[in-house]
file input-v5.cif (mmCIF, C-alpha atoms and all ligand atoms)
data_upload
#
loop_
_atom_site.label_atom_id
_atom_site.label_comp_id
_atom_site.auth_asym_id
_atom_site.auth_seq_id
_atom_site.Cartn_x
_atom_site.Cartn_y
_atom_site.Cartn_z
CA MET A 1 0.00 0.00 0.00
CA PRO A 2 1.82 3.12 -1.20
CA ASN A 3 0.71 5.77 1.22
CA GLU A 4 -0.18 3.93 4.38
CA GLY A 5 1.92 6.07 6.64
CA TYR A 6 -0.02 9.13 5.62
CA LEU A 7 -3.53 7.83 6.02
CA ASP A 8 -5.51 8.93 9.04
CA SER A 9 -7.61 6.48 11.02
CA SER A 10 -10.87 7.19 9.19
CA VAL A 11 -9.16 6.26 5.93
CA HIS A 12 -7.68 3.13 7.51
CA TRP A 13 -11.20 2.19 8.49
CA LYS A 14 -12.40 2.65 4.91
CA VAL A 15 -9.53 0.53 3.63
CA ARG A 16 -10.30 -2.26 6.14
CA THR A 17 -13.99 -2.29 5.30
CA GLY A 18 -13.29 -2.31 1.58
CA GLN A 19 -14.71 1.15 0.88
CA ILE A 20 -11.41 2.14 -0.66
CA ALA A 21 -9.57 -0.27 -2.90
CA PHE A 22 -5.93 0.05 -3.71
CA ALA A 23 -6.09 -1.92 -6.92
CA GLU A 24 -6.14 -0.05 -10.20
CA PRO A 25 -9.78 0.79 -10.99
CA THR A 26 -10.92 -0.79 -14.23
CA HIS A 27 -12.30 1.24 -17.10
CA GLY A 28 -15.78 0.02 -16.08
CA GLU A 29 -15.33 1.22 -12.51
CA VAL A 30 -14.19 4.67 -13.61
CA ALA A 31 -17.08 4.83 -16.06
CA ASP A 32 -19.51 3.90 -13.25
CA ALA A 33 -18.04 6.65 -11.06
CA ILE A 34 -18.49 9.22 -13.84
CA LEU A 35 -22.07 8.09 -14.47
CA ASP A 36 -22.91 7.95 -10.74
CA ALA A 37 -21.59 11.49 -10.34
CA GLY A 38 -23.98 12.60 -13.07
CA LEU A 39 -21.16 14.06 -15.16
CA ALA A 40 -22.18 12.10 -18.27
CA ILE A 41 -24.77 9.65 -19.55
CA GLU A 42 -22.30 7.54 -21.50
CA VAL A 43 -18.56 7.00 -21.13
CA GLY A 44 -16.27 6.04 -23.99
CA GLN A 45 -12.57 5.55 -24.47
CA ARG A 46 -9.68 7.08 -22.57
CA LEU A 47 -8.35 10.08 -24.45
CA GLY A 48 -5.11 10.47 -22.59
CA SER A 49 -3.20 9.82 -19.40
CA GLY A 50 -0.78 12.00 -17.55
CA LYS A 51 1.12 11.91 -14.32
CA GLU A 52 -1.88 12.17 -12.06
CA ALA A 53 -5.03 11.95 -14.09
CA ASP A 54 -6.80 10.25 -16.99
CA VAL A 55 -9.13 11.96 -19.42
CA TYR A 56 -12.14 10.13 -20.88
CA LEU A 57 -14.40 10.84 -23.79
CA ALA A 58 -18.02 10.92 -22.61
CA ARG A 59 -21.41 12.19 -23.63
CA ASP A 60 -23.78 14.40 -21.69
CA PRO A 61 -27.39 14.74 -22.85
CA ARG A 62 -26.43 17.36 -25.43
CA ARG A 63 -22.88 16.77 -26.64
CA LEU A 64 -19.57 14.98 -26.34
CA VAL A 65 -17.55 16.04 -23.30
CA ALA A 66 -14.12 15.26 -21.87
CA VAL A 67 -13.98 14.11 -18.24
CA LYS A 68 -10.73 14.42 -16.33
CA VAL A 69 -10.42 11.93 -13.46
CA TYR A 70 -7.64 12.43 -10.95
CA ARG A 71 -6.25 9.08 -9.83
CA GLN A 72 -6.76 8.36 -6.17
CA TYR A 73 -3.36 6.90 -5.49
CA ARG A 74 -1.14 6.09 -8.49
CA THR A 75 1.11 8.81 -9.83
CA ALA A 76 4.02 8.69 -12.21
CA HIS A 77 5.98 11.39 -10.42
CA ARG A 78 9.59 10.51 -10.05
CA GLY A 79 10.29 9.38 -6.54
CA GLY A 80 6.71 8.22 -6.16
CA GLY A 81 6.18 10.01 -2.86
CA ALA A 82 3.10 9.25 -0.83
CA ILE A 83 -0.03 11.29 -1.41
CA LYS A 84 -3.06 11.78 0.75
CA LEU A 85 -6.19 10.36 -0.80
CA GLU A 86 -8.17 13.54 -0.30
CA SER A 87 -5.56 15.64 -2.04
CA MET A 88 -6.60 14.35 -5.45
CA GLY A 89 -10.08 15.77 -4.88
CA GLN A 90 -8.44 19.06 -3.96
CA ARG A 91 -6.41 19.03 -7.16
CA ALA A 92 -9.56 18.54 -9.20
CA VAL A 93 -11.12 21.48 -7.32
CA ARG A 94 -8.12 23.63 -8.02
CA GLU A 95 -7.86 22.80 -11.71
CA PHE A 96 -11.60 23.21 -12.21
CA GLU A 97 -11.56 26.61 -10.51
CA LEU A 98 -8.63 27.80 -12.62
CA LEU A 99 -10.27 26.47 -15.77
CA SER A 100 -13.53 28.26 -14.94
CA TYR A 101 -11.69 31.44 -14.12
CA ALA A 102 -9.67 31.33 -17.35
CA TYR A 103 -12.79 30.60 -19.37
CA LEU A 104 -14.73 33.48 -17.84
CA GLY A 105 -11.75 35.71 -18.54
CA GLY A 106 -12.02 34.88 -22.23
CA ALA A 107 -8.96 32.60 -22.51
CA ARG A 108 -8.78 29.80 -25.08
CA VAL A 109 -9.48 26.90 -22.78
CA PRO A 110 -12.16 24.18 -22.97
CA LYS A 111 -15.47 25.38 -21.51
CA PRO A 112 -15.78 23.93 -17.99
CA GLY A 113 -18.77 21.70 -17.21
CA ALA A 114 -19.17 20.43 -13.65
CA ARG A 115 -16.97 18.99 -10.93
CA VAL A 116 -17.75 16.13 -8.56
CA GLU A 117 -15.08 14.89 -6.13
CA ASN A 118 -11.92 14.02 -8.08
CA MET A 119 -13.52 14.39 -11.53
CA PHE A 120 -14.67 17.22 -13.74
CA SER A 121 -16.19 17.56 -17.19
CA MET A 122 -15.30 20.09 -19.86
CA GLN A 123 -15.81 20.83 -23.53
CA TYR A 124 -14.43 18.03 -25.69
CA LEU A 125 -11.98 19.27 -28.31
CA GLY A 126 -12.07 17.22 -31.49
CA SER A 127 -14.59 15.54 -33.71
CA ALA A 128 -16.64 12.36 -33.43
CA GLU A 129 -13.85 10.59 -35.34
CA SER A 130 -10.78 11.80 -33.49
CA ALA A 131 -9.72 13.90 -30.53
CA ALA A 132 -7.75 17.09 -31.10
CA PRO A 133 -4.04 16.21 -31.12
CA MET A 134 -1.48 17.71 -28.79
CA LEU A 135 0.73 20.29 -30.44
CA GLN A 136 3.60 17.84 -29.91
CA LYS A 137 1.98 15.31 -32.26
CA ALA A 138 0.16 17.63 -34.65
CA THR A 139 1.21 18.60 -38.13
CA LEU A 140 0.45 22.28 -38.47
CA GLU A 141 -0.89 23.60 -41.73
CA ASP A 142 0.03 27.18 -40.99
CA PRO A 143 2.67 27.07 -38.23
CA GLU A 144 3.33 30.80 -38.35
CA ARG A 145 -0.30 31.68 -37.72
CA PHE A 146 -0.50 28.99 -35.04
CA LEU A 147 2.55 30.35 -33.24
CA ALA A 148 1.12 33.88 -33.29
CA ALA A 149 -2.19 32.56 -31.92
CA THR A 150 -0.35 30.60 -29.21
CA LEU A 151 1.59 33.65 -28.04
CA ALA A 152 -1.58 35.75 -28.11
CA GLY A 153 -3.28 32.96 -26.13
CA ILE A 154 -0.59 33.06 -23.46
CA GLU A 155 -1.10 36.80 -23.11
CA GLY A 156 -4.86 36.18 -23.09
CA LEU A 157 -4.47 33.82 -20.13
CA ALA A 158 -2.43 36.45 -18.29
CA GLU A 159 -5.17 38.99 -19.05
CA ALA A 160 -7.62 36.56 -17.48
CA GLY A 161 -5.34 36.54 -14.42
CA ILE A 162 -3.59 33.21 -14.90
CA ILE A 163 -0.10 32.03 -15.75
CA HIS A 164 -0.25 28.50 -17.11
CA SER A 165 2.90 27.24 -15.37
CA ASP A 166 3.05 23.91 -17.21
CA LEU A 167 3.18 25.25 -20.72
CA SER A 168 4.50 22.77 -23.27
CA PRO A 169 3.57 21.22 -26.63
CA PHE A 170 1.89 18.47 -24.58
CA ASN A 171 -0.58 20.84 -22.93
CA ILE A 172 -1.69 22.72 -26.02
CA LEU A 173 -4.26 20.98 -28.24
CA VAL A 174 -4.77 21.79 -31.90
CA SER A 175 -8.43 22.07 -32.82
CA ASP A 176 -9.79 23.80 -35.93
CA GLY A 177 -6.25 24.98 -36.63
CA SER A 178 -6.12 26.96 -33.37
CA PRO A 179 -4.39 26.46 -30.03
CA TRP A 180 -6.33 25.44 -26.92
CA PHE A 181 -4.69 25.46 -23.53
CA ILE A 182 -5.38 22.47 -21.30
CA ASP A 183 -4.09 21.03 -18.03
CA LEU A 184 -4.24 24.15 -15.88
CA ALA A 185 -3.65 22.09 -12.74
CA ALA A 186 -0.47 23.94 -11.82
CA GLY A 187 -1.68 27.35 -12.95
CA ILE A 188 -0.91 30.42 -10.87
CA ARG A 189 -3.46 33.16 -10.18
CA VAL A 190 -1.68 36.45 -10.72
CA ASP A 191 -4.60 38.78 -10.21
CA ARG A 192 -5.04 38.03 -6.50
CA LEU A 193 -1.55 38.04 -5.18
CA GLY A 194 -1.66 37.59 -1.47
CA TRP A 195 1.42 38.78 0.31
CA PRO A 196 4.16 39.34 -0.64
CA PRO A 197 3.05 39.76 -4.29
CA TRP A 198 6.63 39.53 -5.49
CA VAL A 199 6.83 35.84 -4.57
CA ARG A 200 3.93 34.70 -6.68
CA LEU A 201 4.79 36.97 -9.58
CA SER A 202 8.37 35.80 -9.76
CA GLU A 203 7.23 32.18 -9.51
CA GLY A 204 4.79 32.82 -12.36
CA MET A 205 7.36 34.58 -14.51
CA GLU A 206 9.93 31.82 -13.98
CA SER A 207 7.53 29.08 -15.03
CA LEU A 208 6.39 31.15 -18.01
CA ARG A 209 10.02 31.60 -19.07
CA HIS A 210 10.46 27.84 -18.91
CA GLY A 211 7.25 27.22 -20.90
CA LEU A 212 8.24 29.71 -23.58
CA ALA A 213 11.63 27.99 -23.90
CA MET A 214 9.80 24.66 -24.49
CA LEU A 215 7.73 26.30 -27.20
CA GLU A 216 10.78 27.94 -28.76
CA ARG A 217 12.38 24.51 -29.01
CA HIS A 218 9.23 23.03 -30.52
CA PHE A 219 8.75 25.68 -33.18
CA ARG A 220 12.33 25.27 -34.36
CA ARG A 221 11.08 22.24 -36.29
CA TYR A 222 9.13 24.73 -38.42
CA GLU A 223 12.13 27.06 -38.51
CA LEU A 224 10.19 29.68 -36.60
CA ALA A 225 11.52 31.83 -33.80
CA PHE A 226 10.03 34.44 -31.49
CA ASP A 227 11.24 36.85 -28.88
CA ALA A 228 10.41 35.27 -25.53
CA GLU A 229 11.80 38.24 -23.60
CA GLU A 230 9.35 40.54 -25.34
CA ILE A 231 6.40 38.34 -24.35
CA LEU A 232 7.74 38.09 -20.82
CA SER A 233 8.10 41.81 -20.44
CA ARG A 234 4.60 42.44 -21.83
CA VAL A 235 3.10 39.87 -19.45
CA ARG A 236 5.17 41.27 -16.59
CA SER A 237 3.96 44.81 -17.11
CA GLN A 238 0.42 43.54 -17.35
CA ILE A 239 0.37 41.48 -14.18
CA ASP A 240 2.66 43.59 -12.04
CA ARG A 241 0.08 46.13 -10.96
CA PHE A 242 2.11 47.25 -7.97
CA GLY A 243 5.39 47.62 -9.80
CA VAL A 244 7.10 45.22 -7.38
CA MET A 245 9.10 43.54 -10.13
CA THR A 246 10.46 46.70 -11.63
CA PRO A 247 13.72 47.72 -10.02
CA PRO A 248 13.60 51.31 -8.71
N1 LIG A 301 -10.91 18.91 -23.42
C1 LIG A 301 -10.25 17.93 -24.03
N2 LIG A 301 -10.64 17.49 -25.24
C2 LIG A 301 -9.96 16.49 -25.87
N3 LIG A 301 -8.91 15.84 -25.35
C3 LIG A 301 -8.47 16.23 -24.12
C4 LIG A 301 -9.11 17.28 -23.41
N4 LIG A 301 -8.47 17.46 -22.23
C5 LIG A 301 -7.47 16.55 -22.21
N5 LIG A 301 -7.47 15.81 -23.34
C6 LIG A 301 -6.51 14.70 -23.64
O1 LIG A 301 -6.08 14.10 -22.45
C7 LIG A 301 -4.67 14.23 -22.28
C8 LIG A 301 -4.33 14.47 -20.81
O2 LIG A 301 -4.92 15.69 -20.37
P1 LIG A 301 -4.20 16.66 -19.35
O3 LIG A 301 -2.94 17.17 -19.96
O4 LIG A 301 -5.20 17.64 -18.87
O5 LIG A 301 -3.92 15.70 -18.15
P2 LIG A 301 -2.58 15.17 -17.52
O6 LIG A 301 -1.42 15.39 -18.44
O7 LIG A 301 -2.93 13.84 -17.03
O8 LIG A 301 -2.40 16.09 -16.35
P3 LIG A 301 -1.37 15.90 -15.17
O9 LIG A 301 -0.22 15.10 -15.71
O10 LIG A 301 -0.99 17.29 -14.83
O11 LIG A 301 -2.14 15.21 -14.13
C9 LIG A 301 -4.28 15.37 -23.19
O12 LIG A 301 -2.97 15.24 -23.65
C10 LIG A 301 -5.27 15.25 -24.33
O13 LIG A 301 -4.81 14.32 -25.28
MG MG A 302 -0.88 17.23 -19.51
#
call {"tool": "encode", "arguments": {"input": "input-v5.cif", "output": "structure tokens"}}
result
Amino acid sequence: MPNEGYLDSSVHWKVRTGQIAFAEPTHGEVADAILDAGLAIEVGQRLGSGKEADVYLARDPRRLVAVKVYRQYRTAHRGGGAIKLESMGQRAVREFELLSYAYLGGARVPKPGARVENMFSMQYLGSAESAAPMLQKATLEDPERFLAATLAGIEGLAEAGIIHSDLSPFNILVSDGSPWFIDLAAGIRVDRLGWPPWVRLSEGMESLRHGLAMLERHFRRYELAFDAEEILSRVRSQIDRFGVMTPP
């Protein structure tokens, strides 16, 4: 049992009585959980898997949706440190809130649906035949236009008050020739800063710098380049309302 040492007694009780299983849930069990939660009326194939979550294609009464399900215990993080069961529910809460916030702020993210426990639904990107590919795997028809839209999208997220933080060609989907930002789990709110604001802003700027470097590397395959410093300074001046990052 991977995280025994971290479980409190109520969780131990659930484990003993079989209310929590530590075996990998089957596709059917996950589908039942999604249906029981009322997030969909039909569950299809798995669209993708990451370090901490799986995403499933599903259908609500009106349309196809994507449902992200945070795993309760298995993660692929290096080191494989223990995690508290409840924390996966909290991660779903956090990602769903950031997604909703970004969407309301007009950013190019899938429209959020509903969240129940460790799962949430959102707009499905793709067609009935195939899901939208990640930028990493896509063949772009007009890479120059796509790059411009991606950079504008990053600024759009910052305008909505969010720095993505895990920006990479794996977390941008290509749908209808345009970029869509997904996987906001590690996003940073830069509109409500707390104290001291400098800490969160510099954290945000550092992760954005890293994300832009990943994109620079990716777009080299199309022989395209952009000025990451220019984007960074525009985002910085936009989010740094108190001027804390500008040296006197
Ligand atoms: N709204 C969506 N529409 C279509 N496919 C999606 C959608 N959201 C996610 N996917 C697919 O699921 C995959 C995993 O999604 P995502 O990146 O959000 O999770 P993750 O990588 O498991 O996250 P983490 O590793 O941070 O837990 C994506 O690469 C993509 O292929
Ligand atoms: Mg991802």
call {"tool": "atom_distance", "arguments": {"input": "input-v5.cif", "atom1": "atom CA of Ile188 of chain A", "atom2": "atom CA of Tyr103 of chain A"}}
result
14.6 Å
call {"tool": "residues_around", "arguments": {"input": "input-v5.cif", "residues": "segment 106-117 of chain A", "least_positions_apart": "4", "cutoff": "8 Å", "atoms": "all atoms listed in the file", "output": "PyMOL selection string"}}
result
chain A and resi 37+39+89+92-93+96+99-100+102+121-125+153+156-157+160+179-182
call {"tool": "atom_distance", "arguments": {"input": "input-v5.cif", "atom1": "atom CA of Phe146 of chain A", "atom2": "atom CA of Ser178 of chain A"}}
result
6.2 Å
call {"tool": "residues_near_ligand", "arguments": {"input": "input-v5.cif", "ligand": "ligand LIG 301 (chain A)", "cutoff": "8 Å", "atoms": "all atoms listed in the file", "output": "PyMOL selection string"}}
result
chain A and resi 46-57+65-68+70+110+122-126+131-134+170-173+182-186
call {"tool": "closest_residue", "arguments": {"input": "input-v5.cif", "among": "A:Ser165, A:Thr150, A:Ser9, A:Asn118", "to": "ligand MG 302 (chain A)", "atoms": "all atoms listed in the file"}}
result
A:Ser165
call {"tool": "closest_residue", "arguments": {"input": "input-v5.cif", "among": "A:Met119, A:Val235, A:Leu215, A:Leu224", "to": "Glu159 of chain A", "atoms": "all atoms listed in the file"}}
result
A:Val235
call {"tool": "closest_residue", "arguments": {"input": "input-v5.cif", "among": "A:Asp240, A:Asp142, A:Glu95, A:Glu229", "to": "ligand MG 302 (chain A)", "atoms": "only C-alpha atoms and all ligand atoms"}}
result
A:Glu95
call {"tool": "closest_residue", "arguments": {"input": "input-v5.cif", "among": "A:Leu147, A:Val30, A:Arg94, A:Leu212", "to": "Arg189 of chain A", "atoms": "all atoms listed in the file"}}
result
A:Arg94
call {"tool": "atom_distance", "arguments": {"input": "input-v5.cif", "atom1": "atom CA of Pro61 of chain A", "atom2": "atom MG of ligand MG 302 (chain A)"}}
result
26.8 Å
call {"tool": "residues_around", "arguments": {"input": "input-v5.cif", "residues": "segment 202-205 of chain A", "least_positions_apart": "6", "cutoff": "10 Å", "atoms": "all atoms listed in the file", "output": "PyMOL selection string"}}
result
chain A and resi 162-165+187-190+211+232-233+235-236+239-240+244-245
call {"tool": "closest_residue", "arguments": {"input": "input-v5.cif", "among": "A:Ser168, A:Ala228, A:Gly177, A:Ala213", "to": "ligand MG 302 (chain A)", "atoms": "all atoms listed in the file"}}
result
A:Ser168
call {"tool": "closest_residue", "arguments": {"input": "input-v5.cif", "among": "A:Ser87, A:Thr26, A:Gln136, A:Ser130", "to": "ligand MG 302 (chain A)", "atoms": "all atoms listed in the file"}}
result
A:Gln136
